[in-house]
file protein-v2.cif (mmCIF, C-alpha atoms)
data_final
#
loop_
_atom_site.label_atom_id
_atom_site.label_comp_id
_atom_site.auth_asym_id
_atom_site.auth_seq_id
_atom_site.Cartn_x
_atom_site.Cartn_y
_atom_site.Cartn_z
CA MET A 41 18.02 11.93 21.64
CA SER A 42 20.12 15.07 21.35
CA ALA A 43 19.87 15.41 17.58
CA GLU A 44 17.16 14.44 15.12
CA PRO A 45 18.42 12.01 12.46
CA PRO A 46 18.23 13.06 8.79
CA SER A 47 14.87 12.71 7.04
CA PHE A 48 14.09 12.68 3.33
CA LEU A 49 11.13 12.87 0.95
CA THR A 50 10.70 10.09 -1.61
CA MET A 51 7.98 9.33 -4.14
CA ALA A 52 6.94 5.70 -4.56
CA PHE A 53 5.18 3.96 -7.45
CA THR A 54 5.82 6.81 -9.89
CA ASP A 55 5.20 6.41 -13.59
CA GLU A 56 8.01 5.60 -16.03
CA HIS A 57 8.95 9.30 -16.20
CA GLY A 58 9.22 9.71 -12.44
CA ASN A 59 5.96 11.65 -12.18
CA GLY A 60 3.13 11.14 -9.68
CA GLY A 61 3.51 8.52 -7.00
CA ASN A 62 2.96 8.53 -3.26
CA PRO A 63 5.13 10.63 -0.93
CA ALA A 64 6.88 8.70 1.82
CA GLY A 65 9.20 10.00 4.49
CA VAL A 66 12.43 8.10 5.08
CA VAL A 67 14.55 8.59 8.19
CA LEU A 68 18.10 7.22 8.21
CA ASP A 69 20.19 6.18 11.21
CA SER A 70 17.12 5.86 13.43
CA GLY A 71 18.20 2.80 15.44
CA ALA A 72 18.76 4.81 18.63
CA MET A 73 15.33 6.47 18.55
CA ARG A 74 12.58 5.42 20.93
CA GLU A 75 9.21 4.54 19.39
CA GLN A 76 7.64 7.66 20.91
CA GLU A 77 10.27 9.78 19.17
CA LYS A 78 9.64 8.05 15.87
CA GLN A 79 5.91 8.60 16.18
CA LYS A 80 6.41 12.28 16.99
CA LEU A 81 8.70 12.73 13.97
CA ALA A 82 6.29 10.86 11.66
CA ALA A 83 3.50 13.20 12.78
CA LYS A 84 5.75 16.21 12.21
CA LEU A 85 6.69 15.08 8.68
CA GLY A 86 3.00 14.46 7.94
CA TYR A 87 3.30 11.84 5.18
CA SER A 88 0.85 8.96 5.08
CA GLU A 89 3.76 6.71 6.13
CA THR A 90 7.35 7.27 7.15
CA ALA A 91 10.00 4.53 7.04
CA PHE A 92 12.66 4.48 9.74
CA VAL A 93 15.87 2.72 8.70
CA ASP A 94 17.10 1.39 12.03
CA GLY A 95 20.13 -0.46 10.70
CA ILE A 96 21.94 -1.96 7.71
CA ASP A 97 23.86 -5.20 8.25
CA GLY A 98 25.09 -6.54 4.94
CA ASN A 99 21.96 -7.32 2.92
CA ARG A 100 19.70 -7.11 5.97
CA ILE A 101 17.83 -3.81 6.36
CA ARG A 102 15.86 -3.25 9.59
CA LEU A 103 12.82 -1.00 9.12
CA GLN A 104 9.92 0.35 11.12
CA PHE A 105 6.92 2.24 9.72
CA PHE A 106 4.73 4.94 11.24
CA THR A 107 1.63 6.74 10.00
CA PRO A 108 0.96 10.23 11.42
CA ASN A 109 -0.92 8.75 14.38
CA LYS A 110 0.29 5.19 14.99
CA PRO A 111 2.83 2.52 13.99
CA ILE A 112 1.99 0.07 11.22
CA ALA A 113 3.45 -3.42 10.85
CA ASP A 114 4.48 -3.05 7.19
CA CYS A 115 4.09 -0.53 4.39
CA GLY A 116 4.48 -1.03 0.67
CA HIS A 117 5.05 2.43 -0.69
CA ALA A 118 7.39 3.47 2.14
CA THR A 119 9.39 0.29 1.44
CA ILE A 120 9.79 1.37 -2.19
CA GLY A 121 10.72 4.85 -1.00
CA ALA A 122 13.27 3.62 1.55
CA PHE A 123 15.09 1.28 -0.82
CA SER A 124 15.05 3.91 -3.58
CA LEU A 125 16.70 6.37 -1.22
CA LEU A 126 19.27 3.84 -0.02
CA ARG A 127 20.20 3.06 -3.62
CA SER A 128 20.34 6.77 -4.57
CA LYS A 129 22.64 7.48 -1.61
CA GLY A 130 24.92 4.58 -2.56
CA LEU A 131 24.19 2.76 0.71
CA ILE A 132 23.05 -0.33 -1.20
CA GLY A 133 23.40 -1.53 -4.77
CA GLU A 134 21.29 -3.80 -6.93
CA GLY A 135 20.47 -7.30 -5.79
CA GLU A 136 18.47 -9.16 -3.19
CA PHE A 137 17.95 -7.83 0.34
CA ILE A 138 16.08 -8.87 3.46
CA LYS A 139 13.63 -6.38 4.97
CA VAL A 140 13.64 -7.09 8.71
CA LEU A 141 10.45 -6.11 10.52
CA ASN A 142 9.12 -6.66 14.00
CA ALA A 143 6.54 -8.93 12.34
CA GLY A 144 9.05 -11.02 10.36
CA GLU A 145 11.23 -10.86 7.28
CA ARG A 146 10.51 -10.19 3.60
CA ILE A 147 12.67 -10.38 0.48
CA ILE A 148 13.33 -7.19 -1.52
CA GLU A 149 14.76 -7.10 -5.06
CA VAL A 150 16.50 -3.90 -6.18
CA ASN A 151 16.76 -3.76 -9.97
CA ALA A 152 17.97 -1.09 -12.38
CA ASP A 153 14.68 0.80 -12.57
CA GLN A 154 12.28 -0.93 -10.17
CA ILE A 155 12.09 -2.33 -6.68
CA TRP A 156 10.09 -5.47 -5.95
CA MET A 157 8.94 -6.56 -2.51
CA GLN A 158 7.59 -9.87 -1.33
CA VAL A 159 4.40 -9.47 0.68
CA ALA A 160 3.10 -11.73 3.43
CA PRO A 161 1.14 -14.84 2.40
CA PRO A 162 -2.51 -13.89 1.81
CA ARG A 163 -5.08 -14.34 4.53
CA PHE A 164 -8.80 -14.28 3.69
CA SER A 165 -11.19 -13.35 6.49
CA PRO A 166 -14.88 -14.32 6.46
CA SER A 167 -16.83 -12.19 4.00
CA PRO A 168 -18.67 -9.23 5.55
CA ASP A 169 -22.41 -9.62 6.01
CA GLU A 170 -25.06 -7.56 4.21
CA VAL A 171 -25.34 -5.02 7.02
CA VAL A 172 -21.61 -4.28 6.98
CA ILE A 173 -21.59 -4.08 3.18
CA ALA A 174 -24.47 -1.59 3.21
CA GLN A 175 -22.70 0.50 5.85
CA ALA A 176 -19.49 0.46 3.82
CA LEU A 177 -21.29 1.56 0.66
CA HIS A 178 -23.08 4.38 2.50
CA SER A 179 -19.73 5.53 3.94
CA LEU A 180 -18.46 5.93 0.36
CA GLY A 181 -21.52 7.88 -0.78
CA LEU A 182 -22.98 4.92 -2.67
CA ASP A 183 -26.57 3.67 -2.61
CA PRO A 184 -26.73 -0.10 -1.95
CA ALA A 185 -30.13 -0.25 -3.68
CA GLN A 186 -28.49 0.73 -6.98
CA MET A 187 -26.33 -2.44 -6.96
CA PRO A 188 -22.99 -0.63 -7.42
CA LEU A 189 -20.79 -3.67 -6.76
CA ALA A 190 -19.43 -5.92 -9.51
CA SER A 191 -18.50 -8.80 -7.19
CA ALA A 192 -18.73 -9.90 -3.58
CA PRO A 193 -16.69 -7.79 -1.12
CA ALA A 194 -13.76 -9.46 0.61
CA MET A 195 -11.49 -8.87 3.57
CA VAL A 196 -7.93 -9.79 2.59
CA SER A 197 -4.49 -9.24 4.10
CA THR A 198 -1.01 -9.67 2.66
CA GLY A 199 0.51 -8.05 5.73
CA ALA A 200 -2.21 -5.45 6.30
CA PRO A 201 -5.98 -6.16 6.22
CA PHE A 202 -8.24 -4.28 3.80
CA LEU A 203 -11.89 -4.40 2.79
CA LEU A 204 -11.86 -4.82 -1.01
CA LEU A 205 -14.89 -3.47 -2.88
CA GLU A 206 -15.19 -3.87 -6.65
CA LEU A 207 -17.32 -1.31 -8.48
CA ARG A 208 -18.78 -1.73 -11.95
CA GLU A 209 -17.48 1.42 -13.67
CA ARG A 210 -14.60 3.88 -13.42
CA GLU A 211 -17.15 6.69 -13.25
CA GLN A 212 -18.37 5.29 -9.94
CA LEU A 213 -14.82 5.27 -8.62
CA ALA A 214 -14.31 8.90 -9.63
CA ALA A 215 -17.62 9.95 -8.06
CA LEU A 216 -17.02 8.51 -4.57
CA ARG A 217 -17.82 10.90 -1.72
CA PRO A 218 -16.32 9.24 1.32
CA SER A 219 -17.36 9.97 4.90
CA GLN A 220 -14.04 9.65 6.68
CA ALA A 221 -15.71 9.37 10.09
CA ALA A 222 -17.90 6.47 8.94
CA ILE A 223 -15.00 4.68 7.24
CA GLU A 224 -12.88 5.10 10.36
CA GLN A 225 -15.61 3.65 12.58
CA LEU A 226 -16.11 0.61 10.34
CA SER A 227 -12.37 0.04 9.93
CA MET A 228 -11.78 0.08 13.67
CA ALA A 229 -14.76 -2.18 14.33
CA HIS A 230 -13.45 -4.84 11.94
CA GLY A 231 -9.69 -4.53 12.48
CA LEU A 232 -8.99 -3.06 9.03
CA ILE A 233 -6.36 -0.67 7.76
CA GLY A 234 -9.02 0.76 5.47
CA PHE A 235 -11.07 0.34 2.28
CA TYR A 236 -9.58 -0.46 -1.13
CA VAL A 237 -12.17 0.34 -3.79
CA PHE A 238 -11.36 -0.79 -7.32
CA VAL A 239 -12.60 -1.49 -10.83
CA GLN A 240 -11.19 -3.91 -13.34
CA THR A 241 -10.53 -2.37 -16.72
CA ALA A 242 -9.29 -3.26 -20.18
CA SER A 243 -7.80 0.18 -20.83
CA GLY A 244 -4.59 -1.23 -22.29
CA HIS A 245 -2.52 0.83 -19.85
CA TYR A 246 -3.57 -0.90 -16.62
CA ASP A 247 -5.70 -3.80 -15.43
CA ALA A 248 -7.35 -2.17 -12.42
CA ALA A 249 -7.88 1.30 -11.00
CA ALA A 250 -8.27 1.88 -7.28
CA ARG A 251 -8.75 4.33 -4.43
CA MET A 252 -7.73 3.71 -0.81
CA PHE A 253 -9.15 5.30 2.34
CA ALA A 254 -7.65 4.71 5.81
CA PRO A 255 -8.73 7.50 8.18
CA ALA A 256 -8.22 5.24 11.22
CA PHE A 257 -4.49 5.56 10.48
CA GLY A 258 -4.61 9.27 9.71
CA ILE A 259 -4.87 8.73 5.92
CA ASP A 260 -7.97 10.21 4.28
CA GLU A 261 -6.87 8.98 0.85
CA GLU A 262 -3.58 7.56 -0.43
CA SER A 263 -2.21 7.75 -3.95
CA ALA A 264 -0.47 4.33 -3.95
CA THR A 265 -0.85 1.43 -1.53
CA GLY A 266 1.49 -1.51 -2.01
CA MET A 267 -0.01 -3.72 0.69
CA ALA A 268 -3.51 -3.28 -0.74
CA ALA A 269 -2.17 -4.07 -4.22
CA GLY A 270 -0.93 -7.37 -2.80
CA ALA A 271 -4.34 -8.08 -1.29
CA LEU A 272 -6.10 -7.30 -4.58
CA THR A 273 -3.69 -9.56 -6.47
CA ALA A 274 -4.40 -12.38 -4.01
CA LEU A 275 -8.16 -11.93 -4.39
CA LEU A 276 -8.17 -11.82 -8.21
CA HIS A 277 -5.74 -14.73 -8.40
CA GLN A 278 -8.06 -16.78 -6.22
CA ARG A 279 -11.11 -15.85 -8.31
CA THR A 280 -9.76 -15.78 -11.86
CA GLY A 281 -6.24 -17.23 -11.82
CA ILE A 282 -4.66 -13.94 -12.89
CA ILE A 283 -0.91 -13.81 -12.15
CA ARG A 284 0.02 -10.21 -13.12
CA LEU A 285 -1.60 -6.84 -12.57
CA THR A 286 -0.88 -3.22 -13.35
CA ILE A 287 -2.84 -0.97 -11.00
CA ALA A 288 -3.54 2.74 -11.40
CA GLN A 289 -4.14 4.71 -8.21
CA GLY A 290 -4.14 8.38 -7.21
CA ASP A 291 -5.85 9.69 -10.35
CA TRP A 292 -8.92 10.99 -8.51
CA MET A 293 -7.25 12.58 -5.53
CA THR A 294 -7.21 16.35 -4.98
CA PRO A 295 -4.73 17.20 -6.38
CA PRO A 296 -4.23 14.08 -8.53
CA SER A 297 -1.03 12.09 -8.10
CA PRO A 298 -1.22 9.26 -10.67
CA SER A 299 0.67 6.18 -9.52
CA ARG A 300 1.43 2.83 -11.11
CA LEU A 301 1.83 -0.38 -9.13
CA TYR A 302 2.84 -3.75 -10.56
CA SER A 303 2.18 -7.11 -8.98
CA GLU A 304 2.70 -10.74 -9.82
CA VAL A 305 2.13 -14.20 -8.39
CA ARG A 306 5.48 -15.96 -8.74
CA SER A 307 4.44 -19.35 -7.45
CA PHE A 308 1.29 -20.86 -6.02
CA SER A 309 -0.16 -24.05 -4.67
CA ARG A 310 -3.73 -25.05 -3.93
CA ASP A 311 -3.86 -23.04 -0.71
CA GLN A 312 -1.01 -20.50 -0.96
CA ALA A 313 0.52 -17.90 -3.28
CA ASP A 314 3.86 -16.09 -3.32
CA ILE A 315 2.91 -12.50 -4.22
CA TRP A 316 5.25 -9.64 -5.11
CA VAL A 317 4.53 -5.93 -5.61
CA GLY A 318 6.89 -3.64 -7.48
CA GLY A 319 7.33 -0.14 -8.80
CA ARG A 320 9.57 2.83 -9.33
CA GLY A 321 10.78 5.21 -6.67
CA ALA A 322 12.29 8.67 -6.78
CA TYR A 323 14.30 10.63 -4.21
CA ARG A 324 13.02 14.19 -4.02
CA ARG A 325 14.88 15.89 -1.16
#
call {"tool": "encode", "arguments": {"input": "protein-v2.cif", "output": "structure tokens"}}
result
Amino acid sequence: MSAEPPSFLTMAFTDEHGNGGNPAGVVLDSGAMREQEKQKLAAKLGYSETAFVDGIDGNRIRLQFFTPNKPIADCGHATIGAFSLLRSKGLIGEGEFIKVLNAGERIIEVNADQIWMQVAPPRFSPSPDEVVIAQALHSLGLDPAQMPLASAPAMVSTGAPFLLLELREREQLAALRPSQAAIEQLSMAHGLIGFYVFVQTASGHYDAAARMFAPAFGIDEESATGMAAGALTALLHQRTGIIRLTIAQGDWMTPPSPSRLYSEVRSFSRDQADIWVGGRGAYRR
């Protein structure tokens, strides 16, 4: 290409005042770019994910997502960022849209102050064995002998597969000392995006707090992860029947970037659930 298309910085899953959140790059008018060019630009921008808006056809928005080192099939926070930017620029209004991906289509709802995205139907992989669990705990700086987990680990995908690990206390979450090399090795060996480590809480402000590590995709830690929020919602719905969650993430990063993610199960049957993840987005520059 002779000229690089315009790129923007957005923040996704901010609080109600527009603070915190997860930075996402958004590139407009990218339909003529080759994938190699998109990957190079995503690496140059350096955000955990960058959304490329390849085309707008009525209510159908074609998107591709790239981390700094590889493409990714779908991305929650960059979806929030992209649709927030499109609304801020007047390229779309409120209403229902179709996010068109290489992997399929998802419904997006643009409301006055939030954007909601439908995630892929949940898929549950076989639970990891004791050896893998011990390796995962060691990679996070935890001692398996001290019984740090509050429930059985699970591998769940709502468009991107994560290892979900529930700790007993928020203090454990804050004290994690991850080995990025070990997490990367385990993630690659088991086909995972990364680890989503969480605690359930009755704080009154949120239902769960989480941290996400995905070094295999060039992300040491992320301050808000929409796809993992969908996976957590699927897991807790299966186990407890919960249908709504507010999730805090990003509080223990350096520097902190507190984020708030909302999720809900809108319909479900014995073997399937329709899960949505929503939040606020802000256009920075």
call {"tool": "resolve_selection", "arguments": {"input": "protein-v2.cif", "expression": "the PyMOL selection byres ((chain A and resi 60-77) around 6)", "output": "JSON, numbers by chain"}}
result
{"A": [46, 47, 48, 49, 50, 51, 52, 53, 54, 59, 78, 79, 80, 87, 89, 90, 91, 92, 93, 94, 118, 122, 263, 264, 297, 298, 299]}
call {"tool": "closest_residue", "arguments": {"input": "protein-v2.cif", "among": "A:Ala274, A:Gly133, A:Ala222, A:Ala190", "to": "Val237 (chain A)", "atoms": "all atoms listed in the file"}}
result
A:Ala190
call {"tool": "resolve_selection", "arguments": {"input": "protein-v2.cif", "expression": "the PyMOL selection byres ((chain A and resi 294) around 12)", "output": "JSON, numbers by chain"}}
result
{"A": [214, 260, 261, 262, 263, 290, 291, 292, 293, 295, 296, 297, 298]}
call {"tool": "write_last_selection", "arguments": {"input": "protein-v2.cif", "atoms": "C-alpha atoms", "output": "short mmCIF file (atom, residue, chain, number, x, y, z; two decimals), in the frame of the given file"}}
result
data_model
loop_
_atom_site.label_atom_id
_atom_site.label_comp_id
_atom_site.auth_asym_id
_atom_site.auth_seq_id
_atom_site.Cartn_x
_atom_site.Cartn_y
_atom_site.Cartn_z
CA ALA A 214 -14.31 8.90 -9.63
CA ASP A 260 -7.97 10.21 4.28
CA GLU A 261 -6.87 8.98 0.85
CA GLU A 262 -3.58 7.56 -0.43
CA SER A 263 -2.21 7.75 -3.95
CA GLY A 290 -4.14 8.38 -7.21
CA ASP A 291 -5.85 9.69 -10.35
CA TRP A 292 -8.92 10.99 -8.51
CA MET A 293 -7.25 12.58 -5.53
CA PRO A 295 -4.73 17.20 -6.38
CA PRO A 296 -4.23 14.08 -8.53
CA SER A 297 -1.03 12.09 -8.10
CA PRO A 298 -1.22 9.26 -10.67
#
call {"tool": "residues_around", "arguments": {"input": "protein-v2.cif", "residues": "Gln220 (chain A)", "least_positions_apart": "2", "cutoff": "12 Å", "atoms": "only C-alpha atoms", "output": "list in words"}}
result
Ala176, His178, Ser179, Leu180, Gly181, Leu216, Arg217, Pro218, Ala222, Ile223, Glu224, Gln225, Leu226, Ser227, Gly234, Phe235, Met252, Phe253, Ala254, Pro255, Ala256, Phe257, Gly258, Ile259, Asp260 and Glu261 of chain A
call {"tool": "write_last_selection", "arguments": {"input": "protein-v2.cif", "atoms": "C-alpha atoms", "output": "CSV table (one decimal), in the coordinates of the input"}}
result
chain,number,residue,atom,x,y,z
A,176,ALA,CA,-19.5,0.5,3.8
A,178,HIS,CA,-23.1,4.4,2.5
A,179,SER,CA,-19.7,5.5,3.9
A,180,LEU,CA,-18.5,5.9,0.4
A,181,GLY,CA,-21.5,7.9,-0.8
A,216,LEU,CA,-17.0,8.5,-4.6
A,217,ARG,CA,-17.8,10.9,-1.7
A,218,PRO,CA,-16.3,9.2,1.3
A,222,ALA,CA,-17.9,6.5,8.9
A,223,ILE,CA,-15.0,4.7,7.2
A,224,GLU,CA,-12.9,5.1,10.4
A,225,GLN,CA,-15.6,3.6,12.6
A,226,LEU,CA,-16.1,0.6,10.3
A,227,SER,CA,-12.4,0.0,9.9
A,234,GLY,CA,-9.0,0.8,5.5
A,235,PHE,CA,-11.1,0.3,2.3
A,252,MET,CA,-7.7,3.7,-0.8
A,253,PHE,CA,-9.2,5.3,2.3
A,254,ALA,CA,-7.6,4.7,5.8
A,255,PRO,CA,-8.7,7.5,8.2
A,256,ALA,CA,-8.2,5.2,11.2
A,257,PHE,CA,-4.5,5.6,10.5
A,258,GLY,CA,-4.6,9.3,9.7
A,259,ILE,CA,-4.9,8.7,5.9
A,260,ASP,CA,-8.0,10.2,4.3
A,261,GLU,CA,-6.9,9.0,0.8
call {"tool": "resolve_selection", "arguments": {"input": "protein-v2.cif", "expression": "the PyMOL selection byres ((chain A and resi 95-102) around 6)", "output": "number ranges by chain"}}
result
A: 93-94, 103, 137-140
call {"tool": "closest_residue", "arguments": {"input": "protein-v2.cif", "among": "A:Glu304, A:Asp55, A:Asp153, A:Glu206", "to": "Gln289 (chain A)", "atoms": "only C-alpha atoms"}}
result
A:Asp55
call {"tool": "closest_residue", "arguments": {"input": "protein-v2.cif", "among": "A:Cys115, A:Leu141, A:Ala322, A:Ala215", "to": "Ala269 (chain A)", "atoms": "only C-alpha atoms"}}
result
A:Cys115
call {"tool": "build_atoms", "arguments": {"input": "protein-v2.cif", "residues": "region 61-72 of chain A", "atoms": "all heavy atoms", "output": "mmCIF file, keeping the file's coordinate frame"}}
result
data_model
loop_
_atom_site.group_PDB
_atom_site.id
_atom_site.type_symbol
_atom_site.label_atom_id
_atom_site.label_comp_id
_atom_site.auth_asym_id
_atom_site.auth_seq_id
_atom_site.Cartn_x
_atom_site.Cartn_y
_atom_site.Cartn_z
ATOM 1 N N GLY A 61 3.039 9.341 -8.108
ATOM 2 C CA GLY A 61 3.510 8.520 -7.000
ATOM 3 C C GLY A 61 2.990 8.989 -5.661
ATOM 4 O O GLY A 61 2.215 9.943 -5.557
ATOM 5 N N ASN A 62 3.427 8.288 -4.627
ATOM 6 C CA ASN A 62 2.960 8.530 -3.260
ATOM 7 C C ASN A 62 4.132 8.994 -2.415
ATOM 8 O O ASN A 62 5.141 8.305 -2.314
ATOM 9 C CB ASN A 62 2.370 7.238 -2.677
ATOM 10 C CG ASN A 62 1.606 7.479 -1.392
ATOM 11 O OD1 ASN A 62 1.417 8.605 -0.957
ATOM 12 N ND2 ASN A 62 1.163 6.400 -0.778
ATOM 13 N N PRO A 63 4.021 10.165 -1.775
ATOM 14 C CA PRO A 63 5.130 10.630 -0.930
ATOM 15 C C PRO A 63 5.300 9.759 0.298
ATOM 16 O O PRO A 63 4.332 9.369 0.946
ATOM 17 C CB PRO A 63 4.722 12.057 -0.558
ATOM 18 C CG PRO A 63 3.254 12.127 -0.768
ATOM 19 C CD PRO A 63 2.927 11.145 -1.850
ATOM 20 N N ALA A 64 6.543 9.456 0.616
ATOM 21 C CA ALA A 64 6.880 8.700 1.820
ATOM 22 C C ALA A 64 8.096 9.350 2.468
ATOM 23 O O ALA A 64 9.073 9.667 1.784
ATOM 24 C CB ALA A 64 7.190 7.241 1.494
ATOM 25 N N GLY A 65 8.029 9.548 3.763
ATOM 26 C CA GLY A 65 9.200 10.000 4.490
ATOM 27 C C GLY A 65 10.136 8.832 4.736
ATOM 28 O O GLY A 65 9.693 7.698 4.905
ATOM 29 N N VAL A 66 11.424 9.098 4.732
ATOM 30 C CA VAL A 66 12.430 8.100 5.080
ATOM 31 C C VAL A 66 13.415 8.737 6.050
ATOM 32 O O VAL A 66 13.953 9.816 5.759
ATOM 33 C CB VAL A 66 13.177 7.564 3.843
ATOM 34 C CG1 VAL A 66 14.209 6.513 4.260
ATOM 35 C CG2 VAL A 66 12.207 6.977 2.820
ATOM 36 N N VAL A 67 13.619 8.095 7.181
ATOM 37 C CA VAL A 67 14.550 8.590 8.190
ATOM 38 C C VAL A 67 15.693 7.593 8.305
ATOM 39 O O VAL A 67 15.470 6.403 8.541
ATOM 40 C CB VAL A 67 13.846 8.761 9.554
ATOM 41 C CG1 VAL A 67 14.831 9.258 10.608
ATOM 42 C CG2 VAL A 67 12.661 9.721 9.432
ATOM 43 N N LEU A 68 16.913 8.077 8.120
ATOM 44 C CA LEU A 68 18.100 7.220 8.210
ATOM 45 C C LEU A 68 18.691 7.256 9.612
ATOM 46 O O LEU A 68 18.451 8.192 10.378
ATOM 47 C CB LEU A 68 19.149 7.678 7.192
ATOM 48 C CG LEU A 68 18.751 7.619 5.711
ATOM 49 C CD1 LEU A 68 19.910 8.098 4.835
ATOM 50 C CD2 LEU A 68 18.324 6.218 5.298
ATOM 51 N N ASP A 69 19.454 6.232 9.930
ATOM 52 C CA ASP A 69 20.190 6.180 11.210
ATOM 53 C C ASP A 69 19.270 6.380 12.397
ATOM 54 O O ASP A 69 19.576 7.122 13.329
ATOM 55 C CB ASP A 69 21.296 7.243 11.221
ATOM 56 C CG ASP A 69 22.251 7.104 10.051
ATOM 57 O OD1 ASP A 69 22.578 5.956 9.687
ATOM 58 O OD2 ASP A 69 22.653 8.131 9.487
ATOM 59 N N SER A 70 18.139 5.658 12.396
ATOM 60 C CA SER A 70 17.120 5.860 13.430
ATOM 61 C C SER A 70 17.158 4.790 14.519
ATOM 62 O O SER A 70 16.264 4.745 15.368
ATOM 63 C CB SER A 70 15.732 5.872 12.794
ATOM 64 O OG SER A 70 15.494 4.677 12.063
ATOM 65 N N GLY A 71 18.179 3.922 14.518
ATOM 66 C CA GLY A 71 18.200 2.800 15.440
ATOM 67 C C GLY A 71 18.201 3.188 16.902
ATOM 68 O O GLY A 71 17.728 2.425 17.759
ATOM 69 N N ALA A 72 18.703 4.382 17.233
ATOM 70 C CA ALA A 72 18.760 4.810 18.630
ATOM 71 C C ALA A 72 17.493 5.520 19.083
ATOM 72 O O ALA A 72 17.369 5.854 20.277
ATOM 73 C CB ALA A 72 19.972 5.722 18.849
#
